[in-house]
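Trainee: The structure under discussion is supplied below as structure tokens; questions concerning it will follow.
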Amino acid sequence: MRLPDRAKFGSVETKEMKNINRRESPRIAIKLRCHVSSPALWNKSAMYTENISRSGVLIAWRGVDTLLPVPSIGQIVTVEIELPANHGFGQKCIHCQGSVMRITNSAEQFPWVALRVNYMDFRSFHDRIRAFEAMRPVASSWMA
């Protein structure tokens, strides 16, 4: 008895199974302005998301005029993602905390930083940015 060259599961061959989408949540390609903070990173420049899902965010890690320090794998960062303003409710943001899972270079010579989201919440945007700006001098003195 000769065994087949390729394994077959039901009516699907292994060759066909290579392209299965293993993501937990659907990913949406959307460019939204975001602000990243961490005790080790205090970036003054806004960045942009490349895509977002319920469990992860891909960020184009580039500033307007400067190179930004890149986080390390496993580092925990906090991200404020600006949402379009709704005049009835004011501007909101997605506040999320995640750990850096992957860093890859894009074709445009800046890194993409992939975060696995541990926590996500919707908040008022302007209140969060004011609190973030107020904490910067204190955190900088700790890190000196």
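Naming scheme: A, B, ... for chains in displayed order of the structure tokens; residues 1 onward per chain; ligands 1 onward as shown.
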When you look at Ala46 (chain A) with a cut-off of 9 Å (counting only C-alpha atoms), what residues show up, excluding the ones that are within fewer than 6 positions of it in the same chain? I need them as a PyMOL selection string.
Mentor: chain A and resi 33-36+62-64
Trainee: Would you tabulate, counting only C-alpha atoms, all residues of region 47-68 of chain A that have an atom at most 12 Å from an atom of region 75-88 of chain A, showing the closest pair of atoms and their distance in Å to one decimal, sorted by chain then ascending number, as a tab-separated table?
Mentor:
residue	atom	partner	partner_atom	distance
A:Met47	CA	A:Ile81	CA	9.3
A:Tyr48	CA	A:Ile81	CA	8.4
A:Thr49	CA	A:Ile81	CA	8.0
A:Glu50	CA	A:Ile81	CA	11.5
A:Asn51	CA	A:Ile81	CA	11.4
A:Ile52	CA	A:Ile81	CA	10.1
A:Gly56	CA	A:Val79	CA	11.4
A:Val57	CA	A:Val79	CA	9.4
A:Leu58	CA	A:Val79	CA	11.2
A:Ile59	CA	A:Val79	CA	9.8
Trainee: Rank nothing, just name the residue among A:Gln91, A:Ser38, A:Ser99, A:Gln109 nearest to Trp61 (chain A), using only C-alpha atoms.
Mentor: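 Answer, going by the shortest atom-to-atom distance: A:Gln109.
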Trainee: What's the separation between CA of Ala114 (chain A) and CA of Arg102 (chain A), in Å to one decimal place?
Mentor: 5.1 Å
Trainee: Restricting the calculation to only C-alpha atoms, which member of A:Ala60, A:Ile73, A:Cys93, A:Val117 is positioned closest to Asn105 (chain A)?
Mentor: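 Smallest distance to Asn105 (chain A) is found for A:Ala60.
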Trainee: Given only C-alpha atoms as the basis, pick out the residue of A:Gln97, A:Ser37, A:Lys92, A:Val70 nearest to Val113 (chain A).
Mentor: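 For Val113 (chain A), the nearest of the candidates is A:Val70.
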Trainee: Between CA of Cys96 (chain A) and CA of Met120 (chain A), what distance in Å does the model show, to one decimal?
Mentor: 4.2 Å
Trainee: Taking into account only C-alpha atoms, which residue in the set A:Phe110, A:Arg27, A:Gly74, A:Leu68 is nearest to Gly98 (chain A)?
Mentor: A:Gly74
